[in-house]
Protein chains: 2
Amino acid sequence: MKQFEFWFDLGSPAAYLAWKRLPKFLRGTGATVAYKPMLLGGVFKATGNASPVTIPAKGKWILVDFARAAKKDGVPLSYPPGFPINTLALMRGAIGLQMRQPARFAPYVDAMYDAIFGRAVDLRDEKVVAQVLSAAGFAPAEILALAGDPEVKQALIRNTEEAVARGVFGAPTFFVGGEMFWGQDRMDAVAEALQAA
Amino acid sequence: MKQFEFWFDLGSPAAYLAWKRLPKFLRGTGATVAYKPMLLGGVFKATGNASPVTIPAKGKWILVDFARAAKKDGVPLSYPPGFPINTLALMRGAIGLQMRQPARFAPYVDAMYDAIFGRAVDLRDEKVVAQVLSAAGFAPAEILALAGDPEVKQALIRNTEEAVARGVFGAPTFFVGGEMFWGQDRMDAVAEALQAA
């Protein structure tokens, strides 16, 4: 069975665009995906990389570029207040579910991405996070407990360190075997690599 | 007649890849191109942007990404000693020819790109530049004189300032009317914009 890895952070609009394309991509390639939550802020710190929005001209253009991609894909794309946001707690929730309740991992990521980039919800407010979680069928207290679990925290650190060690510097990043691909705009190349695998 | 602008610097491997694709692209789109020489170093300085190779992990990946693109396109790609190189004199030669002998502009850019990224020739050595120019049918002294012409120097500064003012932060950059596209990997989007124009 052909498999690839999808490294992502809930704060990355490019990873959101890729996430939205994954169902069709999986059907088209017949491949399976290993989801790899990582903390993009940690990757940036370790690699010296930074969000494109830190260069004003690049940030301005990339919003246009992402908007073109979203329009082409037919998905909504907007940006929450304070973007780029701190995703530490949200990513701990993601990896915690992946470890403890794997069947609920994808619905959680879906709900979070839809809130953040689909509806520009301000998740800096914990009460708003709780509302979004409840609306998606999650018990906020349960996710909060997961996010505070030392093993979960360690797992996110470990994934982030693994990402950096393997050459990741941004999101989304795909691996097909030892081959790395960065960006929502490299999914065609990922498909070709899966085809050749 | 549909037209687009192609902003480039001889030191950019991404612009080299795009340049090599242009003949087929022009046939395919039926568009005409306005070549816009700029000094990428000046653009970087003005915008705060930098070559991706300044972030080691990104630099490592982008060489793989460019190699994949070059292989797909069937063009040679290698990097000269000291890459990224200072292209000030080379770009003055380019814009000088564009101003004074426009018919010789494209052959000059061809010869330079083939030397730099096709054969990894070390153009930091003026004698080597002279050899490359002679082999391509240019009189080195003539190009040197052009590159030293104050009007030519000013024209390159003016283009670079215009690029920055219009939002350019890297190379290659394309404009279709007011729409900007950055990267050799956005030529499909440029073609679509020309189609819609």
# chains A, B, ... in the order shown; residues from 1 in each chain; ligands from 1
>>> interface_residues(of="chain B", to="chain A", cutoff="12 Å", atoms="only C-alpha atoms", output="compact mmCIF listing (two decimals) with N, CA and C atoms, in the first residue's frame")
# COMPACT_ATOMS: atom_id res chain seq x y z
N VAL B 43 16.17 44.39 -4.62
CA VAL B 43 14.79 44.05 -4.22
C VAL B 43 14.81 43.44 -2.82
N PHE B 44 15.74 42.53 -2.58
CA PHE B 44 15.85 41.89 -1.26
C PHE B 44 16.11 42.94 -0.18
N LYS B 45 17.04 43.84 -0.49
CA LYS B 45 17.40 44.87 0.49
C LYS B 45 16.20 45.76 0.82
N ALA B 46 15.46 46.13 -0.21
CA ALA B 46 14.34 47.05 -0.01
C ALA B 46 13.15 46.39 0.69
N THR B 47 12.97 45.08 0.47
CA THR B 47 11.77 44.42 1.00
C THR B 47 12.04 43.65 2.29
N GLY B 48 13.31 43.42 2.62
CA GLY B 48 13.63 42.60 3.78
C GLY B 48 13.60 41.12 3.45
N ASN B 49 13.34 40.79 2.19
CA ASN B 49 13.36 39.39 1.78
C ASN B 49 14.82 38.94 1.59
N ALA B 50 15.04 37.65 1.43
CA ALA B 50 16.39 37.12 1.24
C ALA B 50 16.30 35.86 0.41
N SER B 51 17.42 35.45 -0.14
CA SER B 51 17.47 34.18 -0.88
C SER B 51 17.06 33.05 0.05
N PRO B 52 16.30 32.07 -0.47
CA PRO B 52 15.93 30.93 0.38
C PRO B 52 17.15 30.19 0.94
N VAL B 53 18.28 30.29 0.27
CA VAL B 53 19.46 29.57 0.75
C VAL B 53 19.99 30.15 2.06
N THR B 54 19.48 31.32 2.47
CA THR B 54 19.91 31.86 3.76
C THR B 54 19.30 31.09 4.93
N ILE B 55 18.23 30.34 4.68
CA ILE B 55 17.67 29.41 5.68
C ILE B 55 18.15 28.02 5.26
N PRO B 56 19.11 27.43 5.98
CA PRO B 56 19.74 26.20 5.47
C PRO B 56 18.75 25.10 5.08
N ALA B 57 17.74 24.83 5.92
CA ALA B 57 16.81 23.75 5.59
C ALA B 57 16.01 24.08 4.32
N LYS B 58 15.64 25.34 4.19
CA LYS B 58 14.89 25.76 3.01
C LYS B 58 15.78 25.73 1.76
N GLY B 59 17.02 26.16 1.94
CA GLY B 59 17.97 26.15 0.84
C GLY B 59 18.22 24.73 0.34
N LYS B 60 18.33 23.80 1.27
CA LYS B 60 18.57 22.40 0.90
C LYS B 60 17.38 21.87 0.09
N TRP B 61 16.18 22.16 0.58
CA TRP B 61 14.99 21.68 -0.11
C TRP B 61 14.81 22.32 -1.47
N ILE B 62 15.07 23.62 -1.54
CA ILE B 62 14.75 24.31 -2.79
C ILE B 62 15.67 23.84 -3.92
N LEU B 63 16.88 23.41 -3.58
CA LEU B 63 17.76 22.86 -4.61
C LEU B 63 17.18 21.55 -5.15
N VAL B 64 16.57 20.77 -4.27
CA VAL B 64 15.90 19.53 -4.69
C VAL B 64 14.70 19.88 -5.57
N ASP B 65 13.93 20.87 -5.13
CA ASP B 65 12.73 21.28 -5.86
C ASP B 65 13.09 21.81 -7.26
N PHE B 66 14.13 22.65 -7.33
CA PHE B 66 14.57 23.16 -8.64
C PHE B 66 15.09 22.03 -9.52
N ARG B 68 14.11 18.94 -9.48
CA ARG B 68 12.94 18.22 -9.99
C ARG B 68 12.35 18.96 -11.19
N ALA B 69 12.23 20.29 -11.05
CA ALA B 69 11.65 21.10 -12.14
C ALA B 69 12.54 21.04 -13.38
N LYS B 72 12.21 17.68 -15.10
CA LYS B 72 10.91 17.62 -15.80
C LYS B 72 10.96 18.41 -17.11
N ALA B 163 10.01 47.79 -9.52
CA ALA B 163 9.65 46.43 -9.07
C ALA B 163 9.18 46.47 -7.61
N VAL B 164 10.00 47.09 -6.77
CA VAL B 164 9.67 47.15 -5.34
C VAL B 164 8.36 47.90 -5.13
N ALA B 165 8.21 49.01 -5.85
CA ALA B 165 6.99 49.82 -5.69
C ALA B 165 5.74 49.04 -6.09
N ARG B 166 5.91 48.10 -7.01
CA ARG B 166 4.74 47.33 -7.49
C ARG B 166 4.54 46.03 -6.71
N GLY B 167 5.38 45.80 -5.69
CA GLY B 167 5.14 44.65 -4.82
C GLY B 167 6.03 43.44 -5.07
N VAL B 168 7.01 43.59 -5.97
CA VAL B 168 7.92 42.47 -6.25
C VAL B 168 8.85 42.24 -5.05
N PHE B 169 9.07 40.98 -4.71
CA PHE B 169 9.99 40.65 -3.61
C PHE B 169 10.92 39.51 -3.98
N GLY B 170 10.75 38.92 -5.17
CA GLY B 170 11.59 37.80 -5.59
C GLY B 170 11.54 37.65 -7.10
N ALA B 171 12.24 36.63 -7.59
CA ALA B 171 12.30 36.40 -9.04
C ALA B 171 12.10 34.93 -9.36
N THR B 173 9.18 37.27 -11.37
CA THR B 173 7.84 37.78 -11.10
C THR B 173 7.18 38.15 -12.42
N GLU B 179 -2.26 42.04 -12.10
CA GLU B 179 -2.12 40.81 -11.33
C GLU B 179 -0.67 40.35 -11.30
N MET B 180 -0.18 40.06 -10.09
CA MET B 180 1.21 39.65 -9.92
C MET B 180 1.28 38.16 -9.61
N PHE B 181 2.32 37.53 -10.15
CA PHE B 181 2.56 36.10 -9.91
C PHE B 181 4.04 35.91 -9.64
N TRP B 182 4.36 35.25 -8.55
CA TRP B 182 5.76 35.04 -8.20
C TRP B 182 6.14 33.58 -8.37
N GLY B 183 7.24 33.33 -9.06
CA GLY B 183 7.80 31.99 -9.11
C GLY B 183 7.65 31.28 -10.43
N ASP B 185 7.00 28.40 -10.63
CA ASP B 185 5.93 27.43 -10.42
C ASP B 185 4.54 28.06 -10.50
N ARG B 186 4.47 29.29 -10.98
CA ARG B 186 3.17 29.93 -11.16
C ARG B 186 2.89 30.25 -12.63
N ASP B 188 1.60 28.38 -14.87
CA ASP B 188 0.26 27.92 -15.26
C ASP B 188 -0.79 28.98 -14.91
N ALA B 189 -0.62 29.59 -13.75
CA ALA B 189 -1.55 30.64 -13.33
C ALA B 189 -1.42 31.87 -14.23
N VAL B 190 -0.18 32.17 -14.67
CA VAL B 190 0.02 33.28 -15.59
C VAL B 190 -0.71 32.98 -16.91
N GLU B 192 -3.30 31.10 -17.33
CA GLU B 192 -4.74 31.23 -17.10
C GLU B 192 -5.17 32.70 -17.07
N ALA B 193 -4.35 33.53 -16.45
CA ALA B 193 -4.67 34.96 -16.40
C ALA B 193 -4.63 35.58 -17.80
>>> residues_around(residues="Lys36 of chain A", least_positions_apart="3", cutoff="9 Å", atoms="only C-alpha atoms", output="number ranges by chain")
A: 5-9, 95, 159, 163
>>> atom_distance(atom1="atom CA of Tyr16 of chain A", atom2="atom CA of Pro172 of chain A")
8.4 Å
>>> residues_around(residues="Val152 of chain B", least_positions_apart="2", cutoff="8 Å", atoms="only C-alpha atoms", output="PyMOL selection string")
chain B and resi 92+95-96+99+146-150+154-156
>>> residues_around(residues="Tyr113 of chain A", least_positions_apart="6", cutoff="10 Å", atoms="only C-alpha atoms", output="ChimeraX atom specification")
/A:9-13,15-17,19-20,77,107,119-121
>>> write_last_selection(atoms="N, CA and C atoms", output="PDB file, in the first residue's frame")
ATOM      1  N   ASP A   9       0.332  22.048  10.751  1.00  0.00           N
ATOM      2  CA  ASP A   9       0.011  22.817  11.953  1.00  0.00           C
ATOM      3  C   ASP A   9      -1.319  23.517  11.668  1.00  0.00           C
ATOM      4  N   LEU A  10      -2.167  23.609  12.668  1.00  0.00           N
ATOM      5  CA  LEU A  10      -3.491  24.221  12.475  1.00  0.00           C
ATOM      6  C   LEU A  10      -3.408  25.712  12.155  1.00  0.00           C
ATOM      7  N   GLY A  11      -2.258  26.334  12.377  1.00  0.00           N
ATOM      8  CA  GLY A  11      -2.129  27.765  12.116  1.00  0.00           C
ATOM      9  C   GLY A  11      -1.716  28.105  10.696  1.00  0.00           C
ATOM     10  N   SER A  12      -1.469  27.087   9.875  1.00  0.00           N
ATOM     11  CA  SER A  12      -0.960  27.331   8.521  1.00  0.00           C
ATOM     12  C   SER A  12      -2.081  27.311   7.484  1.00  0.00           C
ATOM     13  N   PRO A  13      -2.314  28.447   6.812  1.00  0.00           N
ATOM     14  CA  PRO A  13      -3.353  28.466   5.776  1.00  0.00           C
ATOM     15  C   PRO A  13      -3.013  27.541   4.603  1.00  0.00           C
ATOM     16  N   ALA A  15      -1.438  24.683   4.884  1.00  0.00           N
ATOM     17  CA  ALA A  15      -1.769  23.335   5.333  1.00  0.00           C
ATOM     18  C   ALA A  15      -3.287  23.126   5.334  1.00  0.00           C
ATOM     19  N   TYR A  16      -4.014  24.182   5.672  1.00  0.00           N
ATOM     20  CA  TYR A  16      -5.490  24.120   5.590  1.00  0.00           C
ATOM     21  C   TYR A  16      -5.943  23.815   4.169  1.00  0.00           C
ATOM     22  N   LEU A  17      -5.377  24.520   3.186  1.00  0.00           N
ATOM     23  CA  LEU A  17      -5.748  24.273   1.784  1.00  0.00           C
ATOM     24  C   LEU A  17      -5.440  22.826   1.404  1.00  0.00           C
ATOM     25  N   TRP A  19      -5.142  20.251   3.490  1.00  0.00           N
ATOM     26  CA  TRP A  19      -6.054  19.380   4.247  1.00  0.00           C
ATOM     27  C   TRP A  19      -7.396  19.235   3.530  1.00  0.00           C
ATOM     28  N   LYS A  20      -7.897  20.342   3.023  1.00  0.00           N
ATOM     29  CA  LYS A  20      -9.182  20.331   2.329  1.00  0.00           C
ATOM     30  C   LYS A  20      -9.122  19.510   1.041  1.00  0.00           C
ATOM     31  N   LEU A  77     -11.828  30.820   2.509  1.00  0.00           N
ATOM     32  CA  LEU A  77     -10.536  31.116   3.155  1.00  0.00           C
ATOM     33  C   LEU A  77     -10.575  32.528   3.705  1.00  0.00           C
ATOM     34  N   PRO A 107     -11.957  14.451  12.628  1.00  0.00           N
ATOM     35  CA  PRO A 107     -13.075  15.391  12.875  1.00  0.00           C
ATOM     36  C   PRO A 107     -12.638  16.617  13.680  1.00  0.00           C
ATOM     37  N   ARG A 119     -13.955  30.232   8.809  1.00  0.00           N
ATOM     38  CA  ARG A 119     -14.857  31.252   9.342  1.00  0.00           C
ATOM     39  C   ARG A 119     -14.148  32.340  10.134  1.00  0.00           C
ATOM     40  N   ALA A 120     -12.810  32.304  10.167  1.00  0.00           N
ATOM     41  CA  ALA A 120     -12.030  33.353  10.842  1.00  0.00           C
ATOM     42  C   ALA A 120     -12.441  33.556  12.292  1.00  0.00           C
ATOM     43  N   VAL A 121     -12.751  32.447  12.973  1.00  0.00           N
ATOM     44  CA  VAL A 121     -13.139  32.515  14.387  1.00  0.00           C
ATOM     45  C   VAL A 121     -11.899  32.809  15.238  1.00  0.00           C
TER      46      VAL A 121
END
>>> select_by_dssp(residues="segment 6-37 of chain A", states="strand (DSSP E or B)", output="ChimeraX atom specification")
/A:6-8,32-37
>>> decode(residues="segment 169-190 of chain A", atoms="N, CA, C and O atoms", output="PDB file, in the first residue's frame")
ATOM      1  N   PHE A 169      10.850  22.694   7.226  1.00  0.00           N
ATOM      2  CA  PHE A 169      11.032  24.101   7.612  1.00  0.00           C
ATOM      3  C   PHE A 169       9.725  24.886   7.484  1.00  0.00           C
ATOM      4  O   PHE A 169       9.671  26.070   7.802  1.00  0.00           O
ATOM      5  N   GLY A 170       8.666  24.228   6.987  1.00  0.00           N
ATOM      6  CA  GLY A 170       7.396  24.927   6.802  1.00  0.00           C
ATOM      7  C   GLY A 170       6.262  23.928   6.701  1.00  0.00           C
ATOM      8  O   GLY A 170       6.477  22.711   6.798  1.00  0.00           O
ATOM      9  N   ALA A 171       5.054  24.428   6.481  1.00  0.00           N
ATOM     10  CA  ALA A 171       3.882  23.561   6.418  1.00  0.00           C
ATOM     11  C   ALA A 171       3.003  23.952   5.232  1.00  0.00           C
ATOM     12  O   ALA A 171       2.929  25.140   4.902  1.00  0.00           O
ATOM     13  N   PRO A 172       2.331  22.993   4.607  1.00  0.00           N
ATOM     14  CA  PRO A 172       2.440  21.562   4.898  1.00  0.00           C
ATOM     15  C   PRO A 172       3.696  20.972   4.270  1.00  0.00           C
ATOM     16  O   PRO A 172       4.205  21.508   3.287  1.00  0.00           O
ATOM     17  N   THR A 173       4.174  19.887   4.851  1.00  0.00           N
ATOM     18  CA  THR A 173       5.272  19.136   4.250  1.00  0.00           C
ATOM     19  C   THR A 173       4.838  17.685   4.078  1.00  0.00           C
ATOM     20  O   THR A 173       4.205  17.116   4.966  1.00  0.00           O
ATOM     21  N   PHE A 174       5.165  17.137   2.931  1.00  0.00           N
ATOM     22  CA  PHE A 174       4.821  15.754   2.598  1.00  0.00           C
ATOM     23  C   PHE A 174       6.112  14.952   2.464  1.00  0.00           C
ATOM     24  O   PHE A 174       7.116  15.473   1.973  1.00  0.00           O
ATOM     25  N   PHE A 175       6.051  13.706   2.881  1.00  0.00           N
ATOM     26  CA  PHE A 175       7.139  12.769   2.586  1.00  0.00           C
ATOM     27  C   PHE A 175       6.553  11.568   1.864  1.00  0.00           C
ATOM     28  O   PHE A 175       5.519  11.025   2.283  1.00  0.00           O
ATOM     29  N   VAL A 176       7.229  11.178   0.797  1.00  0.00           N
ATOM     30  CA  VAL A 176       6.946   9.903   0.133  1.00  0.00           C
ATOM     31  C   VAL A 176       8.258   9.143   0.236  1.00  0.00           C
ATOM     32  O   VAL A 176       9.224   9.474  -0.466  1.00  0.00           O
ATOM     33  N   GLY A 177       8.309   8.187   1.144  1.00  0.00           N
ATOM     34  CA  GLY A 177       9.595   7.569   1.454  1.00  0.00           C
ATOM     35  C   GLY A 177      10.543   8.656   1.936  1.00  0.00           C
ATOM     36  O   GLY A 177      10.188   9.468   2.799  1.00  0.00           O
ATOM     37  N   GLY A 178      11.728   8.735   1.366  1.00  0.00           N
ATOM     38  CA  GLY A 178      12.694   9.748   1.794  1.00  0.00           C
ATOM     39  C   GLY A 178      12.552  11.069   1.059  1.00  0.00           C
ATOM     40  O   GLY A 178      13.278  12.019   1.328  1.00  0.00           O
ATOM     41  N   GLU A 179      11.609  11.146   0.129  1.00  0.00           N
ATOM     42  CA  GLU A 179      11.461  12.372  -0.664  1.00  0.00           C
ATOM     43  C   GLU A 179      10.549  13.378   0.023  1.00  0.00           C
ATOM     44  O   GLU A 179       9.421  13.048   0.397  1.00  0.00           O
ATOM     45  N   MET A 180      11.035  14.606   0.147  1.00  0.00           N
ATOM     46  CA  MET A 180      10.265  15.642   0.831  1.00  0.00           C
ATOM     47  C   MET A 180       9.680  16.633  -0.177  1.00  0.00           C
ATOM     48  O   MET A 180      10.315  16.965  -1.174  1.00  0.00           O
ATOM     49  N   PHE A 181       8.475  17.118   0.144  1.00  0.00           N
ATOM     50  CA  PHE A 181       7.795  18.097  -0.699  1.00  0.00           C
ATOM     51  C   PHE A 181       7.177  19.141   0.211  1.00  0.00           C
ATOM     52  O   PHE A 181       6.433  18.796   1.127  1.00  0.00           O
ATOM     53  N   TRP A 182       7.459  20.386  -0.062  1.00  0.00           N
ATOM     54  CA  TRP A 182       6.915  21.453   0.782  1.00  0.00           C
ATOM     55  C   TRP A 182       5.864  22.254   0.014  1.00  0.00           C
ATOM     56  O   TRP A 182       6.122  22.699  -1.099  1.00  0.00           O
ATOM     57  N   GLY A 183       4.709  22.445   0.669  1.00  0.00           N
ATOM     58  CA  GLY A 183       3.729  23.367   0.110  1.00  0.00           C
ATOM     59  C   GLY A 183       2.490  22.699  -0.449  1.00  0.00           C
ATOM     60  O   GLY A 183       2.543  21.610  -1.008  1.00  0.00           O
ATOM     61  N   GLN A 184       1.367  23.393  -0.295  1.00  0.00           N
ATOM     62  CA  GLN A 184       0.111  22.919  -0.880  1.00  0.00           C
ATOM     63  C   GLN A 184       0.217  22.885  -2.405  1.00  0.00           C
ATOM     64  O   GLN A 184      -0.512  22.145  -3.058  1.00  0.00           O
ATOM     65  N   ASP A 185       1.187  23.642  -2.933  1.00  0.00           N
ATOM     66  CA  ASP A 185       1.346  23.718  -4.383  1.00  0.00           C
ATOM     67  C   ASP A 185       2.273  22.633  -4.922  1.00  0.00           C
ATOM     68  O   ASP A 185       2.714  22.705  -6.074  1.00  0.00           O
ATOM     69  N   ARG A 186       2.622  21.655  -4.081  1.00  0.00           N
ATOM     70  CA  ARG A 186       3.457  20.544  -4.562  1.00  0.00           C
ATOM     71  C   ARG A 186       2.699  19.212  -4.493  1.00  0.00           C
ATOM     72  O   ARG A 186       3.309  18.151  -4.587  1.00  0.00           O
ATOM     73  N   MET A 187       1.375  19.266  -4.366  1.00  0.00           N
ATOM     74  CA  MET A 187       0.625  18.013  -4.242  1.00  0.00           C
ATOM     75  C   MET A 187       0.629  17.209  -5.543  1.00  0.00           C
ATOM     76  O   MET A 187       0.538  15.980  -5.508  1.00  0.00           O
ATOM     77  N   ASP A 188       0.771  17.887  -6.684  1.00  0.00           N
ATOM     78  CA  ASP A 188       0.900  17.149  -7.946  1.00  0.00           C
ATOM     79  C   ASP A 188       2.203  16.341  -7.954  1.00  0.00           C
ATOM     80  O   ASP A 188       2.229  15.200  -8.413  1.00  0.00           O
ATOM     81  N   ALA A 189       3.250  16.939  -7.434  1.00  0.00           N
ATOM     82  CA  ALA A 189       4.545  16.237  -7.377  1.00  0.00           C
ATOM     83  C   ALA A 189       4.478  15.072  -6.390  1.00  0.00           C
ATOM     84  O   ALA A 189       5.081  14.018  -6.611  1.00  0.00           O
ATOM     85  N   VAL A 190       3.728  15.256  -5.294  1.00  0.00           N
ATOM     86  CA  VAL A 190       3.523  14.160  -4.333  1.00  0.00           C
ATOM     87  C   VAL A 190       2.798  13.014  -5.028  1.00  0.00           C
ATOM     88  O   VAL A 190       3.178  11.845  -4.885  1.00  0.00           O
TER      89      VAL A 190
END
